[in-house]
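query_21.pdb follows (PDB, C-alpha atoms):
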```pdb
ATOM      1  CA  ASP M  89       7.910 -33.163  27.286
ATOM      2  CA  PRO M  90      10.344 -30.172  27.270
ATOM      3  CA  THR M  91       7.575 -27.754  26.308
ATOM      4  CA  GLY M  92       5.360 -28.969  29.139
ATOM      5  CA  ARG M  93       8.175 -28.624  31.671
ATOM      6  CA  SER M  94       8.881 -25.081  30.444
ATOM      7  CA  ASP M  95       5.235 -24.117  30.788
ATOM      8  CA  ARG M  96       5.152 -25.511  34.307
ATOM      9  CA  ARG M  97       8.311 -23.595  35.254
ATOM     10  CA  ASP M  98       6.800 -20.383  33.845
ATOM     11  CA  ALA M  99       3.604 -20.966  35.807
ATOM     12  CA  GLU M 100       5.556 -21.582  39.008
ATOM     13  CA  TYR M 101       7.627 -18.431  38.454
ATOM     14  CA  ARG M 102       4.533 -16.307  37.869
ATOM     15  CA  LYS M 103       2.917 -17.726  40.981
ATOM     16  CA  GLU M 104       6.003 -17.107  43.147
ATOM     17  CA  HIS M 105       6.795 -13.671  41.783
ATOM     18  CA  ALA M 106       3.273 -12.257  41.422
ATOM     19  CA  PHE M 107       3.284  -8.535  42.248
ATOM     20  CA  LEU M 108       1.058  -9.131  45.258
ATOM     21  CA  SER M 109       1.153 -12.702  46.527
ATOM     22  CA  GLU M 110      -1.124 -14.247  49.130
ATOM     23  CA  ARG M 111       1.789 -14.239  51.578
ATOM     24  CA  ASP M 112       2.435 -10.502  50.931
ATOM     25  CA  ARG M 113      -1.179  -9.783  51.786
ATOM     26  CA  GLY M 114      -1.006 -11.878  54.955
ATOM     27  CA  GLY M 115      -3.455 -14.266  53.308
ATOM     28  CA  TRP M 116      -2.033 -17.586  54.542
ATOM     29  CA  THR M 117      -4.411 -19.520  56.759
ATOM     30  CA  GLY M 118      -4.439 -22.754  58.731
ATOM     31  CA  GLY M 119      -1.346 -24.930  58.337
ATOM     32  CA  ASP M 120       0.235 -22.411  55.956
ATOM     33  CA  ALA M 121       0.001 -19.715  58.629
ATOM     34  CA  ASP M 122       1.673 -21.990  61.176
ATOM     35  CA  ARG M 123       4.442 -22.946  58.763
ATOM     36  CA  HIS M 124       5.238 -19.358  57.842
ATOM     37  CA  ALA M 125       5.063 -18.280  61.479
ATOM     38  CA  ASP M 126       7.873 -20.761  62.091
ATOM     39  CA  GLN M 127       9.850 -19.166  59.261
ATOM     40  CA  ARG M 128       9.364 -15.716  60.789
ATOM     41  CA  GLU M 129      10.648 -16.957  64.125
ATOM     42  CA  ASN M 130      13.850 -18.143  62.469
ATOM     43  CA  ALA M 131      14.264 -15.181  60.100
ATOM     44  CA  GLU M 132      17.278 -12.919  60.467
ATOM     45  CA  PHE M 133      17.726  -9.160  60.298
ATOM     46  CA  TYR M 134      19.177  -8.099  56.979
ATOM     47  CA  VAL M 135      19.826  -5.052  54.854
ATOM     48  CA  GLY M 136      17.767  -5.056  51.676
ATOM     49  CA  LYS M 137      20.008  -3.787  48.915
ATOM     50  CA  ARG M 138      19.928  -4.662  45.245
ATOM     51  CA  GLY M 139      21.928  -7.794  44.544
ATOM     52  CA  GLN M 140      22.105  -8.939  48.170
ATOM     53  CA  LYS M 141      20.677 -12.272  49.225
ATOM     54  CA  MET M 142      17.309 -11.571  50.815
ATOM     55  CA  GLY M 143      16.974 -14.321  53.392
ATOM     56  CA  LYS M 144      14.079 -16.665  54.069
ATOM     57  CA  GLU M 145      10.939 -14.643  53.351
ATOM     58  CA  ALA M 146       9.372 -13.369  50.162
ATOM     59  CA  LYS M 147       9.638  -9.664  49.537
ATOM     60  CA  THR M 148       6.627  -7.421  49.894
ATOM     61  CA  ASN M 149       5.596  -4.708  47.450
ATOM     62  CA  ALA M 150       7.220  -2.153  49.757
ATOM     63  CA  MET M 151      10.565  -3.962  49.659
ATOM     64  CA  ARG M 152      10.413  -4.398  45.886
ATOM     65  CA  LEU M 153       9.694  -0.708  45.364
ATOM     66  CA  LEU M 154      12.578   0.340  47.608
ATOM     67  CA  GLU M 155      14.967  -1.931  45.730
ATOM     68  CA  ARG M 156      13.692  -0.690  42.380
ATOM     69  CA  ASN M 157      14.581   2.821  43.520
ATOM     70  CA  LYS M 158      17.910   1.645  45.001
ATOM     71  CA  ILE M 159      16.912   2.798  48.474
ATOM     72  CA  PRO M 160      18.654   0.998  51.378
ATOM     73  CA  TYR M 161      16.566  -0.358  54.227
ATOM     74  CA  GLU M 162      16.706  -2.819  57.091
ATOM     75  CA  VAL M 163      14.077  -5.448  57.787
ATOM     76  CA  LEU M 164      12.925  -6.338  61.287
ATOM     77  CA  ASN M 165      10.890  -9.537  61.552
ATOM     78  CA  TYR M 166       8.869 -10.368  64.633
ATOM     79  CA  GLU M 167       6.603 -13.275  65.472
ATOM     80  CA  CYS M 168       2.981 -12.265  64.925
ATOM     81  CA  ASP M 169       0.119 -13.776  62.918
ATOM     82  CA  GLU M 170      -2.644 -11.266  63.571
ATOM     83  CA  PHE M 171      -3.146  -7.550  64.128
ATOM     84  CA  ILE M 172      -1.346  -5.922  67.038
ATOM     85  CA  ASP M 173      -0.954  -2.201  67.574
ATOM     86  CA  GLY M 174       2.189  -0.216  66.851
ATOM     87  CA  MET M 175       3.299  -0.108  70.468
ATOM     88  CA  HIS M 176       3.421  -3.897  70.663
ATOM     89  CA  CYS M 177       5.240  -4.040  67.309
ATOM     90  CA  ALA M 178       7.925  -1.705  68.645
ATOM     91  CA  GLU M 179       8.226  -3.807  71.787
ATOM     92  CA  ALA M 180       8.545  -6.994  69.710
ATOM     93  CA  THR M 181      11.341  -5.595  67.524
ATOM     94  CA  GLY M 182      13.092  -3.453  70.114
ATOM     95  CA  ALA M 183      12.530  -0.391  67.917
ATOM     96  CA  SER M 184      12.367   3.057  69.485
ATOM     97  CA  VAL M 185       8.748   4.076  70.110
ATOM     98  CA  GLU M 186       9.573   7.691  69.247
ATOM     99  CA  GLN M 187      10.989   6.622  65.887
ATOM    100  CA  SER M 188       8.192   4.183  65.036
ATOM    101  CA  TYR M 189       5.415   5.366  62.740
ATOM    102  CA  LYS M 190       2.008   4.001  61.770
ATOM    103  CA  THR M 191       0.150   4.357  58.493
ATOM    104  CA  LEU M 192      -3.360   5.816  58.377
ATOM    105  CA  VAL M 193      -5.503   5.860  55.239
ATOM    106  CA  MET M 194      -8.194   8.527  55.022
ATOM    107  CA  VAL M 195     -10.698   9.850  52.540
ATOM    108  CA  GLY M 196     -11.419  13.516  51.954
ATOM    109  CA  LYS M 197     -14.689  15.334  51.309
ATOM    110  CA  SER M 198     -13.780  15.247  47.605
ATOM    111  CA  GLY M 199     -13.547  11.449  47.622
ATOM    112  CA  GLN M 200      -9.741  11.477  47.209
ATOM    113  CA  HIS M 201      -7.794   9.112  49.455
ATOM    114  CA  TYR M 202      -4.757  10.158  51.470
ATOM    115  CA  VAL M 203      -2.042   8.443  53.504
ATOM    116  CA  PHE M 204      -0.795   9.877  56.796
ATOM    117  CA  VAL M 205       2.318   8.574  58.558
ATOM    118  CA  ILE M 206       2.387   9.527  62.231
ATOM    119  CA  PRO M 207       4.109   8.352  65.448
ATOM    120  CA  ILE M 208       2.601   5.143  66.822
ATOM    121  CA  ALA M 209       1.927   6.647  70.247
ATOM    122  CA  ARG M 210       0.054   9.701  68.921
ATOM    123  CA  GLU M 211      -3.315  10.447  67.336
ATOM    124  CA  VAL M 212      -4.109  12.448  64.228
ATOM    125  CA  ASP M 213      -5.948  15.790  64.337
ATOM    126  CA  LEU M 214      -8.527  15.549  61.541
ATOM    127  CA  LYS M 215      -8.703  19.313  61.046
ATOM    128  CA  LYS M 216      -4.924  19.583  60.716
ATOM    129  CA  ALA M 217      -4.890  16.599  58.392
ATOM    130  CA  ALA M 218      -7.581  18.114  56.168
ATOM    131  CA  LYS M 219      -5.732  21.417  56.028
ATOM    132  CA  ALA M 220      -2.468  19.658  55.082
ATOM    133  CA  VAL M 221      -4.070  18.128  51.977
ATOM    134  CA  GLY M 222      -6.366  21.027  51.083
ATOM    135  CA  GLU M 223      -9.629  19.270  51.957
ATOM    136  CA  LYS M 224     -12.646  20.603  53.835
ATOM    137  CA  SER M 225     -12.598  17.443  55.942
ATOM    138  CA  VAL M 226     -11.074  13.977  56.097
ATOM    139  CA  GLN M 227     -12.031  10.783  57.880
ATOM    140  CA  MET M 228     -10.584   7.325  58.359
ATOM    141  CA  ILE M 229     -11.662   4.704  55.845
ATOM    142  CA  HIS M 230     -13.492   1.639  57.122
ATOM    143  CA  VAL M 231     -11.172  -1.273  57.855
ATOM    144  CA  LYS M 232     -12.969  -3.455  55.279
ATOM    145  CA  GLU M 233     -11.912  -0.987  52.566
ATOM    146  CA  LEU M 234      -8.220  -1.180  53.435
ATOM    147  CA  THR M 235      -7.142  -4.281  51.527
ATOM    148  CA  PRO M 236      -9.132  -3.627  48.311
ATOM    149  CA  LEU M 237      -7.802  -0.062  48.278
ATOM    150  CA  THR M 238      -4.161  -0.569  49.268
ATOM    151  CA  GLY M 239      -3.400  -4.271  48.827
ATOM    152  CA  TYR M 240      -2.328  -4.438  52.470
ATOM    153  CA  VAL M 241      -4.038  -5.731  55.612
ATOM    154  CA  ARG M 242      -4.671  -4.080  58.944
ATOM    155  CA  GLY M 243      -1.497  -4.319  61.013
ATOM    156  CA  GLY M 244       0.608  -4.741  57.876
ATOM    157  CA  CYS M 245      -0.181  -1.570  55.939
ATOM    158  CA  SER M 246       2.951   0.105  54.612
ATOM    159  CA  PRO M 247       2.971   3.643  53.227
ATOM    160  CA  ILE M 248       5.206   2.230  50.466
ATOM    161  CA  GLY M 249       4.003   0.154  47.530
ATOM    162  CA  MET M 250       0.237   0.429  47.801
ATOM    163  CA  LYS M 251      -1.842  -0.681  44.812
ATOM    164  CA  LYS M 252      -2.164   2.987  43.857
ATOM    165  CA  LYS M 253       0.005   5.937  44.829
ATOM    166  CA  PHE M 254      -1.960   8.278  47.110
ATOM    167  CA  PRO M 255      -0.965  11.760  48.314
ATOM    168  CA  THR M 256       1.066  11.129  51.448
ATOM    169  CA  VAL M 257       1.779  13.283  54.498
ATOM    170  CA  ILE M 258       4.475  12.411  57.036
ATOM    171  CA  GLN M 259       4.420  13.987  60.472
ATOM    172  CA  GLU M 260       7.079  16.672  60.349
ATOM    173  CA  ASN M 261       9.030  15.530  63.413
ATOM    174  CA  ALA M 262      10.168  12.458  61.433
ATOM    175  CA  ALA M 263      12.645  14.700  59.615
ATOM    176  CA  GLY M 264      14.607  15.075  62.857
ATOM    177  CA  PHE M 265      15.527  11.376  63.025
ATOM    178  CA  ASP M 266      18.332   9.621  61.219
ATOM    179  CA  ARG M 267      16.133   6.534  60.775
ATOM    180  CA  ILE M 268      12.473   5.708  61.361
ATOM    181  CA  TYR M 269      10.459   2.476  61.416
ATOM    182  CA  VAL M 270       7.363   1.831  59.280
ATOM    183  CA  SER M 271       5.372  -1.244  58.341
ATOM    184  CA  GLY M 272       7.022  -3.448  55.757
ATOM    185  CA  GLY M 273       3.732  -4.451  54.141
ATOM    186  CA  ARG M 274       3.023  -7.629  56.069
ATOM    187  CA  ILE M 275       2.079  -8.440  59.643
ATOM    188  CA  GLY M 276       5.285  -9.307  61.488
ATOM    189  CA  LEU M 277       7.508  -7.124  59.315
ATOM    190  CA  SER M 278       8.896  -3.602  59.875
ATOM    191  CA  LEU M 279      11.305  -1.523  57.804
ATOM    192  CA  LYS M 280      13.977   0.792  59.148
ATOM    193  CA  MET M 281      14.954   3.564  56.748
ATOM    194  CA  ALA M 282      15.899   7.213  56.408
ATOM    195  CA  PRO M 283      12.883   9.554  56.524
ATOM    196  CA  ALA M 284      14.228  11.438  53.511
ATOM    197  CA  ASP M 285      14.104   8.178  51.541
ATOM    198  CA  LEU M 286      10.516   7.607  52.653
ATOM    199  CA  VAL M 287       9.633  11.073  51.380
ATOM    200  CA  LYS M 288      11.368  10.303  48.108
ATOM    201  CA  VAL M 289       9.743   6.957  47.403
ATOM    202  CA  THR M 290       6.222   8.072  48.393
ATOM    203  CA  GLN M 291       6.542  11.644  47.058
ATOM    204  CA  ALA M 292       5.302  12.770  50.458
ATOM    205  CA  ILE M 293       5.244  16.137  52.183
ATOM    206  CA  TYR M 294       5.951  16.952  55.810
ATOM    207  CA  ALA M 295       3.255  18.612  57.922
ATOM    208  CA  ASP M 296       2.071  18.805  61.508
ATOM    209  CA  VAL M 297      -1.080  16.681  61.735
ATOM    210  CA  LEU M 298      -0.923  15.535  65.361
ATOM    211  CA  ALA M 299      -3.632  16.062  67.948
ATOM    212  CA  GLU M 300      -2.553  17.778  71.136
ATOM    213  CA  GLU M 301      -1.437  15.370  73.836
ATOM    214  CA  MET M 302      -3.766  15.057  76.812
ATOM    215  CA  GLU M 303      -2.352  16.147  80.167
TER
END
```
How does this structure look as structure tokens?
Amino acid sequence: DPTGRSDRRDAEYRKEHAFLSERDRGGWTGGDADRHADQRENAEFYVGKRGQKMGKEAKTNAMRLLERNKIPYEVLNYECDEFIDGMHCAEATGASVEQSYKTLVMVGKSGQHYVFVIPIAREVDLKKAAKAVGEKSVQMIHVKELTPLTGYVRGGCSPIGMKKKFPTVIQENAAGFDRIYVSGGRIGLSLKMAPADLVKVTQAIYADVLAEEME
């Protein structure tokens, strides 16, 4: 039945190209997790530009948004199926620790949510962070709120392509680098891109929100 085949093809396309797939959210479990871990191990580095073949893995929301805005980026895949901290991610990809940034999601006294992008080896100063966004105070959201709020999981939370666009602050020293590394929106995936492009796509501001380093 030609009509039946067409309907099935449409259903398969919608399933594969859903805006936020189970694989994008890191939702594979059991045998699926093992199979896609094998794919990650064999994945290659590539530059994600419009019209270029994208390799073996499905794109995340972050990658789609960058392509929609014609922003060049590089993808770094590393073998990992569960949360690891930013330092281990940098070690796995060979990325510079100084140029690697983590994504923090916070909520202000007003109830508004904010995204802060800071170096992986540093901690945020809550008073500085609150001042940067004009709040009396801010605090980290609970980890269980992360996926419903952003669409991403812990260890795979990108500042790009969240379910809703939140006011975003990038630690000001990022502007001094030619390229920085941020999460690509899935555990085992990092993106290398120009900080100016990150500011553009997230409509972010630069500010100093770092806590003083301990002696």
Explicit residue set for the PyMOL selection byres ((chain M and resi 231) around 12), as a short mmCIF file (atom, residue, chain, number, x, y, z; two decimals) with C-alpha atoms, in the frame of the given file:
```cif
data_model
loop_
_atom_site.label_atom_id
_atom_site.label_comp_id
_atom_site.auth_asym_id
_atom_site.auth_seq_id
_atom_site.Cartn_x
_atom_site.Cartn_y
_atom_site.Cartn_z
CA PHE M 171 -3.15 -7.55 64.13
CA LEU M 192 -3.36 5.82 58.38
CA VAL M 193 -5.50 5.86 55.24
CA MET M 194 -8.19 8.53 55.02
CA MET M 228 -10.58 7.32 58.36
CA ILE M 229 -11.66 4.70 55.84
CA HIS M 230 -13.49 1.64 57.12
CA LYS M 232 -12.97 -3.46 55.28
CA GLU M 233 -11.91 -0.99 52.57
CA LEU M 234 -8.22 -1.18 53.44
CA THR M 235 -7.14 -4.28 51.53
CA PRO M 236 -9.13 -3.63 48.31
CA LEU M 237 -7.80 -0.06 48.28
CA THR M 238 -4.16 -0.57 49.27
CA TYR M 240 -2.33 -4.44 52.47
CA VAL M 241 -4.04 -5.73 55.61
CA ARG M 242 -4.67 -4.08 58.94
CA GLY M 243 -1.50 -4.32 61.01
CA CYS M 245 -0.18 -1.57 55.94
#
```
Inset, instruction - Within 9 Å of range 261-264 of chain M, counting only C-alpha atoms, which residues show up once you throw out same-chain ones fewer than 2 positions away? Write them as a ChimeraX atom specification, please. - result: /M:187,189,206-207,258-259,266-268,282-284,294-296
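Take CA of Ile159 in chain M and CA of Met281 in chain M: the distance between them is 8.5 Å.
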Inset, instruction - Would you please work out which residue, of M:Ser184, M:Arg210, M:Glu162, M:Val289, is nearest to Pro255 in chain M when using only C-alpha atoms? - result: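 Closest to Pro255 in chain M of all the choices is M:Val289.
For the atom pair formed by CA of Lys224 in chain M and CA of Val287 in chain M, the distance is 24.4 Å, given to one decimal.
As for CA of Glu301 in chain M and CA of Ile208 in chain M, they are spaced 13.0 Å apart.
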Legend entry - Which residue of M:Lys197, M:Arg274, M:Lys216, M:Lys190 approaches Ala150 in chain M most closely, using all atoms listed in the file: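 For Ala150 in chain M, the nearest of the candidates is M:Arg274.
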Legend entry - Selected residue of minimal separation from Asp285 in chain M among M:Gly222, M:Gly196, M:Pro160, M:Gly273, counting all atoms listed in the file: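 Of M:Gly222, M:Gly196, M:Pro160, M:Gly273, the one nearest Asp285 in chain M is M:Pro160, counting all atoms listed in the file.
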